[in-house]
file upload-v5.cif (mmCIF, C-alpha atoms)
data_work
#
loop_
_atom_site.group_PDB
_atom_site.id
_atom_site.type_symbol
_atom_site.label_atom_id
_atom_site.label_comp_id
_atom_site.auth_asym_id
_atom_site.auth_seq_id
_atom_site.Cartn_x
_atom_site.Cartn_y
_atom_site.Cartn_z
ATOM 1 C CA MET A 1 15.214 0.260 -7.436
ATOM 2 C CA ARG A 2 16.905 -2.749 -5.825
ATOM 3 C CA VAL A 3 20.106 -0.743 -5.375
ATOM 4 C CA GLU A 4 18.287 2.261 -3.913
ATOM 5 C CA ILE A 5 16.458 0.040 -1.421
ATOM 6 C CA LEU A 6 19.686 -1.683 -0.463
ATOM 7 C CA LYS A 7 21.498 1.630 0.026
ATOM 8 C CA ALA A 8 18.625 3.059 2.070
ATOM 9 C CA VAL A 9 18.430 0.050 4.385
ATOM 10 C CA VAL A 10 22.200 -0.215 4.806
ATOM 11 C CA GLY A 11 22.398 3.519 5.570
ATOM 12 C CA ARG A 12 19.586 3.226 8.074
ATOM 13 C CA LEU A 13 21.258 0.294 9.834
ATOM 14 C CA LYS A 14 24.587 2.116 10.006
ATOM 15 C CA GLU A 15 22.952 5.051 11.798
ATOM 16 C CA GLY A 16 23.553 4.589 15.495
ATOM 17 C CA ALA A 17 24.868 1.050 15.060
ATOM 18 C CA PRO A 18 26.738 -0.212 18.111
ATOM 19 C CA GLU A 19 30.437 0.499 17.767
ATOM 20 C CA GLY A 20 32.395 -1.967 15.707
ATOM 21 C CA MET A 21 29.356 -3.485 14.024
ATOM 22 C CA HIS A 22 29.551 -3.380 10.265
ATOM 23 C CA VAL A 23 26.761 -3.693 7.727
ATOM 24 C CA TYR A 24 27.458 -5.869 4.709
ATOM 25 C CA THR A 25 25.629 -6.770 1.553
ATOM 26 C CA HIS A 26 28.329 -9.305 0.759
ATOM 27 C CA VAL A 27 30.359 -10.962 3.488
ATOM 28 C CA LEU A 28 34.006 -11.673 2.793
ATOM 29 C CA ALA A 29 35.608 -14.781 4.253
ATOM 30 C CA ASN A 30 37.801 -12.791 6.656
ATOM 31 C CA SER A 31 35.050 -10.474 7.977
ATOM 32 C CA ASN A 32 35.082 -10.000 11.704
ATOM 33 C CA TYR A 33 32.039 -10.612 13.888
ATOM 34 C CA PRO A 34 29.687 -9.058 14.835
ATOM 35 C CA TYR A 35 28.024 -7.698 11.720
ATOM 36 C CA PHE A 36 24.709 -7.171 9.983
ATOM 37 C CA THR A 37 23.857 -8.457 6.523
ATOM 38 C CA VAL A 38 21.161 -7.110 4.230
ATOM 39 C CA GLU A 39 19.651 -9.027 1.333
ATOM 40 C CA VAL A 40 16.942 -7.577 -0.900
ATOM 41 C CA GLU A 41 15.082 -10.735 -1.880
ATOM 42 C CA ASP A 42 12.549 -9.338 -4.282
ATOM 43 C CA VAL A 43 11.507 -6.054 -5.844
ATOM 44 C CA SER A 44 8.355 -5.891 -7.905
ATOM 45 C CA GLU A 45 7.227 -2.863 -9.798
ATOM 46 C CA GLY A 46 3.559 -2.117 -9.511
ATOM 47 C CA GLY A 47 1.352 0.835 -10.100
ATOM 48 C CA ILE A 48 1.488 2.666 -13.379
ATOM 49 C CA ASP A 49 4.402 3.630 -15.562
ATOM 50 C CA LEU A 50 4.280 7.341 -14.759
ATOM 51 C CA PRO A 51 6.757 8.909 -12.332
ATOM 52 C CA SER A 52 4.059 10.110 -9.922
ATOM 53 C CA LEU A 53 2.225 6.771 -9.820
ATOM 54 C CA ARG A 54 5.091 4.305 -9.863
ATOM 55 C CA ARG A 55 5.162 1.950 -6.876
ATOM 56 C CA TYR A 56 7.492 -0.799 -5.807
ATOM 57 C CA CYS A 57 6.995 -3.606 -3.336
ATOM 58 C CA THR A 58 9.942 -5.359 -1.800
ATOM 59 C CA THR A 59 10.786 -8.141 0.586
ATOM 60 C CA LEU A 60 14.116 -8.171 2.328
ATOM 61 C CA GLN A 61 16.026 -10.042 4.965
ATOM 62 C CA VAL A 62 18.272 -8.462 7.555
ATOM 63 C CA GLN A 63 20.461 -10.654 9.720
ATOM 64 C CA ALA A 64 22.591 -9.995 12.747
ATOM 65 C CA TRP A 65 25.606 -12.281 13.217
ATOM 66 C CA SER A 66 27.402 -12.674 16.520
ATOM 67 C CA ARG A 67 29.952 -15.053 17.990
ATOM 68 C CA GLN A 68 29.742 -13.937 21.575
ATOM 69 C CA PRO A 69 29.233 -16.847 23.981
ATOM 70 C CA HIS A 70 26.245 -15.023 25.507
ATOM 71 C CA ALA A 71 23.025 -13.738 23.965
ATOM 72 C CA GLY A 72 23.529 -10.118 24.999
ATOM 73 C CA GLU A 73 25.203 -8.965 21.822
ATOM 74 C CA ILE A 74 22.717 -10.582 19.438
ATOM 75 C CA ALA A 75 19.851 -9.146 21.516
ATOM 76 C CA GLN A 76 21.394 -5.688 21.225
ATOM 77 C CA MET A 77 21.720 -6.116 17.456
ATOM 78 C CA ALA A 78 18.138 -7.339 17.140
ATOM 79 C CA ALA A 79 16.958 -4.294 19.084
ATOM 80 C CA HIS A 80 18.924 -2.060 16.716
ATOM 81 C CA ILE A 81 17.257 -3.632 13.667
ATOM 82 C CA ARG A 82 13.816 -3.170 15.257
ATOM 83 C CA LYS A 83 14.496 0.460 16.144
ATOM 84 C CA GLN A 84 15.907 1.398 12.761
ATOM 85 C CA LEU A 85 13.744 -0.609 10.370
ATOM 86 C CA ILE A 86 10.530 -2.141 11.697
ATOM 87 C CA ASP A 87 7.501 0.123 11.152
ATOM 88 C CA GLN A 88 9.808 2.884 9.930
ATOM 89 C CA THR A 89 9.536 5.105 6.889
ATOM 90 C CA PHE A 90 12.648 6.727 5.453
ATOM 91 C CA ALA A 91 14.121 8.174 2.267
ATOM 92 C CA CYS A 92 14.975 5.754 -0.514
ATOM 93 C CA GLY A 93 16.590 7.229 -3.599
ATOM 94 C CA GLU A 94 15.682 10.584 -5.046
ATOM 95 C CA GLY A 95 12.360 11.871 -3.717
ATOM 96 C CA ALA A 96 11.054 8.423 -2.767
ATOM 97 C CA SER A 97 10.271 6.874 0.604
ATOM 98 C CA LEU A 98 10.409 3.316 1.833
ATOM 99 C CA SER A 99 8.013 2.042 4.492
ATOM 100 C CA LEU A 100 8.838 -1.270 6.160
ATOM 101 C CA GLN A 101 6.675 -3.799 7.950
ATOM 102 C CA LEU A 102 7.752 -6.904 9.852
ATOM 103 C CA ILE A 103 6.936 -10.314 8.395
ATOM 104 C CA LYS A 104 8.726 -12.399 11.018
ATOM 105 C CA GLU A 105 11.866 -12.556 13.099
ATOM 106 C CA GLY A 106 13.737 -15.205 15.021
ATOM 107 C CA SER A 107 17.104 -16.278 16.414
ATOM 108 C CA LYS A 108 19.104 -19.473 16.212
ATOM 109 C CA ILE A 109 22.558 -20.853 16.894
ATOM 110 C CA LEU A 110 24.326 -22.517 13.965
ATOM 111 C CA ASN A 111 25.583 -26.104 14.135
ATOM 112 C CA ASP A 112 29.067 -24.845 15.002
ATOM 113 C CA GLY A 113 27.624 -24.033 18.430
ATOM 114 C CA ILE A 114 29.204 -20.573 18.403
ATOM 115 C CA THR A 115 27.529 -18.439 15.759
ATOM 116 C CA ARG A 116 24.254 -16.796 16.658
ATOM 117 C CA ILE A 117 22.026 -15.364 13.954
ATOM 118 C CA HIS A 118 18.991 -13.157 14.353
ATOM 119 C CA THR A 119 16.933 -12.995 11.157
ATOM 120 C CA VAL A 120 14.344 -10.308 10.425
ATOM 121 C CA SER A 121 12.141 -10.627 7.332
ATOM 122 C CA LEU A 122 10.503 -7.434 6.175
ATOM 123 C CA LYS A 123 8.205 -6.281 3.433
ATOM 124 C CA GLY A 124 8.049 -2.752 2.223
ATOM 125 C CA GLY A 125 6.533 -0.321 -0.180
ATOM 126 C CA VAL A 126 8.333 2.437 -2.079
ATOM 127 C CA LYS A 127 6.492 5.468 -3.349
ATOM 128 C CA ALA A 128 7.772 8.650 -4.939
ATOM 129 C CA MET B 1 -0.219 10.632 -0.604
ATOM 130 C CA SER B 2 1.342 8.675 2.197
ATOM 131 C CA VAL B 3 3.952 6.067 1.374
ATOM 132 C CA GLU B 4 2.081 3.686 3.681
ATOM 133 C CA THR B 5 -1.169 3.746 1.737
ATOM 134 C CA SER B 6 -2.928 5.607 -1.072
ATOM 135 C CA LEU B 7 -6.260 4.998 0.598
ATOM 136 C CA ILE B 8 -8.042 8.162 1.769
ATOM 137 C CA LEU B 9 -10.623 7.790 4.517
ATOM 138 C CA LYS B 10 -12.140 10.764 6.291
ATOM 139 C CA PHE B 11 -15.453 12.176 7.439
ATOM 140 C CA LYS B 12 -17.313 13.939 4.636
ATOM 141 C CA GLU B 13 -17.968 16.959 6.803
ATOM 142 C CA GLY B 14 -14.260 17.521 7.386
ATOM 143 C CA GLY B 15 -11.486 16.567 9.719
ATOM 144 C CA GLY B 16 -8.342 14.641 9.175
ATOM 145 C CA SER B 17 -7.604 11.144 8.042
ATOM 146 C CA LEU B 18 -8.965 8.240 10.049
ATOM 147 C CA LEU B 19 -5.816 6.307 9.211
ATOM 148 C CA PRO B 20 -2.939 7.237 11.527
ATOM 149 C CA PRO B 21 0.520 5.807 10.789
ATOM 150 C CA LEU B 22 0.886 2.002 10.955
ATOM 151 C CA THR B 23 -2.840 1.373 10.473
ATOM 152 C CA ALA B 24 -3.310 0.906 6.752
ATOM 153 C CA ARG B 25 -0.285 -0.656 5.124
ATOM 154 C CA ASN B 26 -1.058 -3.230 2.497
ATOM 155 C CA CYS B 27 -4.827 -2.643 2.540
ATOM 156 C CA GLN B 28 -7.239 -4.594 0.386
ATOM 157 C CA GLN B 29 -10.293 -2.983 -1.129
ATOM 158 C CA SER B 30 -13.141 -4.343 -3.185
ATOM 159 C CA LEU B 31 -15.709 -2.342 -5.134
ATOM 160 C CA THR B 32 -18.921 -4.195 -5.930
ATOM 161 C CA PRO B 33 -21.989 -2.888 -7.746
ATOM 162 C CA ILE B 34 -24.954 -2.882 -5.388
ATOM 163 C CA PRO B 35 -27.751 -5.083 -6.804
ATOM 164 C CA ASN B 36 -30.153 -2.800 -8.601
ATOM 165 C CA GLY B 37 -33.455 -4.181 -9.857
ATOM 166 C CA LYS B 38 -33.960 -7.693 -11.139
ATOM 167 C CA LEU B 39 -33.540 -9.630 -14.321
ATOM 168 C CA ARG B 40 -37.058 -10.682 -15.436
ATOM 169 C CA ARG B 41 -38.513 -12.368 -18.485
ATOM 170 C CA THR B 42 -41.371 -10.831 -20.374
ATOM 171 C CA VAL B 43 -44.322 -12.951 -21.470
ATOM 172 C CA ASN B 44 -42.431 -13.365 -24.745
ATOM 173 C CA GLY B 45 -39.436 -14.799 -22.928
ATOM 174 C CA VAL B 46 -37.144 -11.802 -23.438
ATOM 175 C CA LEU B 47 -34.855 -11.022 -20.539
ATOM 176 C CA VAL B 48 -35.181 -7.444 -19.285
ATOM 177 C CA HIS B 49 -33.539 -5.588 -16.454
ATOM 178 C CA THR B 50 -35.782 -3.647 -14.092
ATOM 179 C CA GLY B 51 -32.991 -1.613 -12.496
ATOM 180 C CA ASN B 52 -32.860 2.150 -12.299
ATOM 181 C CA LYS B 53 -29.957 4.066 -13.869
ATOM 182 C CA GLY B 54 -29.842 6.428 -10.876
ATOM 183 C CA HIS B 55 -29.373 3.503 -8.529
ATOM 184 C CA GLU B 56 -26.051 2.363 -9.983
ATOM 185 C CA LYS B 57 -23.918 2.557 -6.855
ATOM 186 C CA TYR B 58 -20.943 0.788 -5.360
ATOM 187 C CA ALA B 59 -20.454 -1.101 -2.135
ATOM 188 C CA SER B 60 -16.931 -1.410 -0.827
ATOM 189 C CA THR B 61 -15.126 -3.553 1.682
ATOM 190 C CA ILE B 62 -11.738 -2.389 2.923
ATOM 191 C CA SER B 63 -9.632 -4.583 5.144
ATOM 192 C CA CYS B 64 -6.164 -4.476 6.563
ATOM 193 C CA LYS B 65 -3.868 -6.096 9.108
ATOM 194 C CA ASP B 66 -1.289 -3.735 10.578
ATOM 195 C CA ALA B 67 0.319 -2.683 13.834
ATOM 196 C CA GLN B 68 -2.176 -0.065 15.072
ATOM 197 C CA ALA B 69 -5.938 0.457 15.027
ATOM 198 C CA PRO B 70 -7.500 3.059 12.744
ATOM 199 C CA ALA B 71 -9.259 6.019 14.388
ATOM 200 C CA PHE B 72 -12.714 4.413 14.365
ATOM 201 C CA ASP B 73 -13.782 5.479 17.864
ATOM 202 C CA GLY B 74 -16.873 7.606 17.261
ATOM 203 C CA VAL B 75 -17.560 5.975 13.898
ATOM 204 C CA TRP B 76 -21.026 4.466 13.590
ATOM 205 C CA GLN B 77 -23.300 3.020 10.977
ATOM 206 C CA GLY B 78 -24.718 5.642 8.640
ATOM 207 C CA GLN B 79 -21.924 8.185 9.001
ATOM 208 C CA THR B 80 -20.686 9.679 5.775
ATOM 209 C CA PHE B 81 -17.116 9.220 4.627
ATOM 210 C CA GLU B 82 -15.109 10.512 1.738
ATOM 211 C CA VAL B 83 -13.244 7.510 0.401
ATOM 212 C CA GLY B 84 -10.315 7.909 -1.966
ATOM 213 C CA CYS B 85 -10.269 4.391 -3.329
ATOM 214 C CA LEU B 86 -7.340 2.083 -3.924
ATOM 215 C CA GLN B 87 -9.385 0.198 -6.486
ATOM 216 C CA ARG B 88 -9.194 1.860 -9.882
ATOM 217 C CA LEU B 89 -12.001 2.279 -12.380
ATOM 218 C CA SER B 90 -11.352 2.501 -16.114
ATOM 219 C CA GLN B 91 -13.438 3.936 -18.894
ATOM 220 C CA PRO B 92 -12.865 3.232 -22.579
ATOM 221 C CA PHE B 93 -12.843 6.081 -25.095
ATOM 222 C CA THR B 94 -12.585 6.299 -28.848
ATOM 223 C CA GLY B 95 -11.397 9.635 -30.195
ATOM 224 C CA GLY B 96 -12.563 13.000 -28.949
ATOM 225 C CA GLU B 97 -10.689 15.497 -26.837
ATOM 226 C CA GLN B 98 -12.391 14.969 -23.520
ATOM 227 C CA VAL B 99 -13.810 12.160 -21.405
ATOM 228 C CA GLU B 100 -16.273 12.640 -18.579
ATOM 229 C CA LEU B 101 -15.572 10.282 -15.710
ATOM 230 C CA LEU B 102 -18.525 8.588 -14.028
ATOM 231 C CA ARG B 103 -17.157 9.404 -10.584
ATOM 232 C CA PRO B 104 -14.850 12.157 -9.290
ATOM 233 C CA ALA B 105 -11.205 11.121 -9.293
ATOM 234 C CA VAL B 106 -8.679 11.234 -6.458
ATOM 235 C CA VAL B 107 -6.296 14.093 -7.227
ATOM 236 C CA GLY B 108 -3.259 12.841 -9.120
ATOM 237 C CA SER B 109 -4.733 9.441 -9.927
ATOM 238 C CA VAL B 110 -5.959 9.956 -13.496
ATOM 239 C CA VAL B 111 -4.001 8.148 -16.201
ATOM 240 C CA VAL B 112 -4.728 7.878 -19.909
ATOM 241 C CA PHE B 113 -3.722 4.627 -21.578
ATOM 242 C CA ASP B 114 -3.404 4.705 -25.341
ATOM 243 C CA GLY B 115 -4.250 1.825 -27.650
ATOM 244 C CA GLU B 116 -0.819 0.261 -27.061
ATOM 245 C CA GLY B 117 -1.238 0.418 -23.304
ATOM 246 C CA LYS B 118 1.281 3.238 -22.812
ATOM 247 C CA ALA B 119 0.453 5.524 -19.893
ATOM 248 C CA HIS B 120 0.067 9.298 -20.379
ATOM 249 C CA GLU B 121 -0.732 12.170 -18.040
ATOM 250 C CA ALA B 122 -4.046 13.887 -18.771
ATOM 251 C CA MET B 123 -3.746 17.381 -20.260
ATOM 252 C CA SER B 124 -6.056 18.731 -17.579
ATOM 253 C CA ILE B 125 -8.834 17.650 -15.253
ATOM 254 C CA GLU B 126 -11.723 19.892 -14.303
ATOM 255 C CA GLY B 127 -14.257 18.261 -12.071
ATOM 256 C CA LYS B 128 -14.996 14.963 -13.757
ATOM 257 C CA VAL B 129 -13.921 16.123 -17.222
ATOM 258 C CA VAL B 130 -10.549 14.853 -18.388
ATOM 259 C CA THR B 131 -8.875 16.536 -21.357
ATOM 260 C CA LEU B 132 -6.946 13.881 -23.224
ATOM 261 C CA PRO B 133 -3.330 14.340 -24.316
ATOM 262 C CA GLY B 134 -2.854 15.182 -27.986
ATOM 263 C CA GLY B 135 -2.470 12.319 -30.408
ATOM 264 C CA VAL B 136 -4.185 9.705 -28.259
ATOM 265 C CA MET B 137 -7.040 8.539 -30.434
ATOM 266 C CA GLY B 138 -8.458 5.783 -28.285
ATOM 267 C CA GLY B 139 -7.798 3.773 -25.187
ATOM 268 C CA PHE B 140 -8.771 3.925 -21.540
ATOM 269 C CA VAL B 141 -8.912 6.493 -18.789
ATOM 270 C CA SER B 142 -8.048 4.960 -15.437
ATOM 271 C CA TYR B 143 -8.593 6.670 -12.089
ATOM 272 C CA CYS B 144 -9.073 6.063 -8.389
ATOM 273 C CA PRO B 145 -12.625 7.155 -7.642
ATOM 274 C CA SER B 146 -13.331 9.483 -4.760
ATOM 275 C CA LEU B 147 -16.627 8.210 -3.380
ATOM 276 C CA VAL B 148 -19.008 9.585 -0.784
ATOM 277 C CA MET B 149 -20.088 6.555 1.207
ATOM 278 C CA HIS B 150 -22.044 5.613 4.305
ATOM 279 C CA VAL B 151 -20.589 3.300 6.904
ATOM 280 C CA VAL B 152 -22.473 0.003 6.863
ATOM 281 C CA GLU B 153 -20.413 -1.760 9.525
ATOM 282 C CA PHE B 154 -16.873 -2.219 10.714
ATOM 283 C CA LYS B 155 -14.881 -4.644 12.780
ATOM 284 C CA LEU B 156 -11.678 -4.256 14.778
ATOM 285 C CA GLU B 157 -9.732 -7.272 15.971
ATOM 286 C CA THR B 158 -6.492 -7.602 17.864
ATOM 287 C CA ASP B 159 -4.120 -10.551 17.861
ATOM 288 C CA GLU B 160 -2.389 -9.845 21.159
ATOM 289 C CA TRP B 161 0.636 -12.121 20.825
ATOM 290 C CA GLY B 162 0.809 -11.699 17.098
ATOM 291 C CA MET B 163 0.964 -7.944 17.793
ATOM 292 C CA THR B 164 -1.330 -7.104 14.903
ATOM 293 C CA VAL B 165 -4.586 -5.236 14.593
ATOM 294 C CA GLY B 166 -6.987 -6.248 11.864
ATOM 295 C CA TRP B 167 -9.869 -4.158 10.664
ATOM 296 C CA THR B 168 -12.641 -4.423 8.133
ATOM 297 C CA LEU B 169 -14.856 -1.587 7.001
ATOM 298 C CA LYS B 170 -17.955 -2.019 4.853
ATOM 299 C CA LEU B 171 -19.355 0.983 3.028
ATOM 300 C CA GLU B 172 -22.040 1.827 0.515
ATOM 301 C CA GLU B 173 -22.105 4.748 -1.851
ATOM 302 C CA VAL B 174 -24.598 7.458 -0.888
#

call {"tool": "encode", "arguments": {"input": "upload-v5.cif", "output": "structure tokens"}}
result
Amino acid sequence: MRVEILKAVVGRLKEGAPEGMHVYTHVLANSNYPYFTVEVEDVSEGGIDLPSLRRYCTTLQVQAWSRQPHAGEIAQMAAHIRKQLIDQTFACGEGASLSLQLIKEGSKILNDGITRIHTVSLKGGVKA
Amino acid sequence: MSVETSLILKFKEGGGSLLPPLTARNCQQSLTPIPNGKLRRTVNGVLVHTGNKGHEKYASTISCKDAQAPAFDGVWQGQTFEVGCLQRLSQPFTGGEQVELLRPAVVGSVVVFDGEGKAHEAMSIEGKVVTLPGGVMGGFVSYCPSLVMHVVEFKLETDEWGMTVGWTLKLEEV
């Protein structure tokens, strides 16, 4: 289910993403800013081992990375994450849906003084 | 069933769910037997229970913290709800072809666990009678009860800057 959740969230973030902003699950050394990263931190299977009653809970972290000298770009990326993911329900794998809820979000500038990161932590439930 | 919650909460006399979107994600529910009778000692020192079989009922507390408030305007103490519970009940069985549940089950919630703990679909469910799958000689039937309950009290609370709405609903079985 981890892969299905990852695909669903990446697909959702790509929809309507500001031009030139990529979504990565693994960032290569030569990747160009700005971009989003998605990390599924945990997937736990709950419910009962029957297809109709199987449930999954997940926590994930989505980050926006920008190197613009102003906060406009990171704010735009944060707004995109909110619009596409927070309090949203969307398809996740075959016949299942994922519903996401915000845990917390926040921004910071890294010690290099250039790179801005906006981090959104989410929890979600998947049900067939 | 909604992906947000399996909880069902609606007026007994009809109408839609009282849980609009973003009101009931990650709910908690407890089911507690309502005290029924007393434990007393006879003159010979034997402990007896004075409760009445017909008074074996559940109380429930449901609470949640989410983004929106449930549709509780117009809800008051004593009103009757149909509650499709999150909390499961399980009944043991040994052999036989059918098991009669003690409460009606939420549609789609009945599961038969065999002696090894493997889950099976029931062959059929009519009312409270569950027909067991063939070859399952003993185990447990697990289900989410559908209870008719009166509202005892509820509470709504908003954390303005935290942008969350919390709610707690206390109910007792009719």

call {"tool": "axis_aligned_box", "arguments": {"input": "upload-v5.cif", "around": "region 59-69 of chain B", "padding_each_side": "6 Å", "output": "lines of an AutoDock Vina configuration file"}}
result
center_x = -10.1
center_y = -2.8
center_z = 6.5
size_x = 32.8
size_y = 18.6
size_z = 29.2

call {"tool": "interface_residues", "arguments": {"input": "upload-v5.cif", "of": "chain B", "to": "chain A", "cutoff": "8 Å", "atoms": "only C-alpha atoms", "output": "ChimeraX atom specification"}}
result
/B:3-4,22,108-109,118-121

call {"tool": "closest_residue", "arguments": {"input": "upload-v5.cif", "among": "B:Leu102, B:Met163, B:Leu147, B:Val174", "to": "Lys104 (chain A)", "atoms": "only C-alpha atoms"}}
result
B:Met163

call {"tool": "closest_residue", "arguments": {"input": "upload-v5.cif", "among": "A:Ala29, A:Tyr56, A:Glu41, A:Pro34", "to": "Cys92 (chain A)", "atoms": "all atoms listed in the file"}}
result
A:Tyr56

call {"tool": "atom_distance", "arguments": {"input": "upload-v5.cif", "atom1": "CA of Pro70 (chain B)", "atom2": "CA of Thr158 (chain B)"}}
result
11.9 Å

call {"tool": "resolve_selection", "arguments": {"input": "upload-v5.cif", "expression": "the PyMOL selection byres ((chain B and resi 170) around 9)", "output": "list of chain:residue names"}}
result
B:Ala59, B:Ser60, B:Thr61, B:Ile62, B:Ser63, B:His150, B:Val151, B:Val152, B:Glu153, B:Phe154, B:Lys155, B:Thr168, B:Leu169, B:Leu171, B:Glu172

call {"tool": "write_last_selection", "arguments": {"input": "upload-v5.cif", "atoms": "C-alpha atoms", "output": "PDB file, in the coordinates of the input"}}
result
ATOM      1  CA  ALA B  59     -20.454  -1.101  -2.135  1.00  0.00           C
ATOM      2  CA  SER B  60     -16.931  -1.410  -0.827  1.00  0.00           C
ATOM      3  CA  THR B  61     -15.126  -3.553   1.682  1.00  0.00           C
ATOM      4  CA  ILE B  62     -11.738  -2.389   2.923  1.00  0.00           C
ATOM      5  CA  SER B  63      -9.632  -4.583   5.144  1.00  0.00           C
ATOM      6  CA  HIS B 150     -22.044   5.613   4.305  1.00  0.00           C
ATOM      7  CA  VAL B 151     -20.589   3.300   6.904  1.00  0.00           C
ATOM      8  CA  VAL B 152     -22.473   0.003   6.863  1.00  0.00           C
ATOM      9  CA  GLU B 153     -20.413  -1.760   9.525  1.00  0.00           C
ATOM     10  CA  PHE B 154     -16.873  -2.219  10.714  1.00  0.00           C
ATOM     11  CA  LYS B 155     -14.881  -4.644  12.780  1.00  0.00           C
ATOM     12  CA  THR B 168     -12.641  -4.423   8.133  1.00  0.00           C
ATOM     13  CA  LEU B 169     -14.856  -1.587   7.001  1.00  0.00           C
ATOM     14  CA  LEU B 171     -19.355   0.983   3.028  1.00  0.00           C
ATOM     15  CA  GLU B 172     -22.040   1.827   0.515  1.00  0.00           C
TER      16      GLU B 172
END

call {"tool": "residues_around", "arguments": {"input": "upload-v5.cif", "residues": "Val40 (chain A)", "least_positions_apart": "4", "cutoff": "12 Å", "atoms": "all atoms listed in the file", "output": "NGL selection string"}}
result
:A and (1-10 or 25-26 or 44 or 57-63 or 120-124)

call {"tool": "resolve_selection", "arguments": {"input": "upload-v5.cif", "expression": "the PyMOL selection byres ((chain B and resi 35) around 9)", "output": "number ranges by chain"}}
result
B: 32-34, 36-38, 51, 55-57

call {"tool": "atom_distance", "arguments": {"input": "upload-v5.cif", "atom1": "CA of Gln91 (chain B)", "atom2": "CA of Lys53 (chain B)"}}
result
17.3 Å

call {"tool": "closest_residue", "arguments": {"input": "upload-v5.cif", "among": "A:Tyr24, A:Glu19, A:Glu45, A:Gly11", "to": "Gln76 (chain A)", "atoms": "all atoms listed in the file"}}
result
A:Glu19

call {"tool": "atom_distance", "arguments": {"input": "upload-v5.cif", "atom1": "CA of Ala17 (chain A)", "atom2": "CA of Thr37 (chain A)"}}
result
12.8 Å

call {"tool": "decode", "arguments": {"input": "upload-v5.cif", "residues": "region 58-83 of chain B", "atoms": "C-alpha atoms", "output": "compact mmCIF listing (two decimals), in the first residue's frame"}}
result
# COMPACT_ATOMS: atom_id res chain seq x y z
CA TYR B 58 -24.69 -0.04 26.50
CA ALA B 59 -23.62 3.54 27.05
CA SER B 60 -21.32 5.07 24.48
CA THR B 61 -19.06 8.07 24.28
CA ILE B 62 -17.91 9.21 20.86
CA SER B 63 -15.35 11.96 20.50
CA CYS B 64 -13.41 13.51 17.69
CA LYS B 65 -11.21 16.46 16.78
CA ASP B 66 -11.50 17.53 13.15
CA ALA B 67 -11.83 20.58 10.93
CA GLN B 68 -15.62 21.10 10.96
CA ALA B 69 -18.48 20.74 13.44
CA PRO B 70 -20.96 17.88 13.13
CA ALA B 71 -24.58 18.76 12.34
CA PHE B 72 -25.70 18.89 15.98
CA ASP B 73 -27.85 22.02 15.73
CA GLY B 74 -31.32 20.82 16.70
CA VAL B 75 -29.94 17.84 18.63
CA TRP B 76 -31.08 17.67 22.24
CA GLN B 77 -31.03 15.31 25.15
CA GLY B 78 -33.42 12.40 24.73
CA GLN B 79 -33.48 12.36 20.94
CA THR B 80 -33.12 8.96 19.35
CA PHE B 81 -30.21 8.13 17.10
CA GLU B 82 -29.26 5.15 15.04
CA VAL B 83 -25.59 4.58 15.75
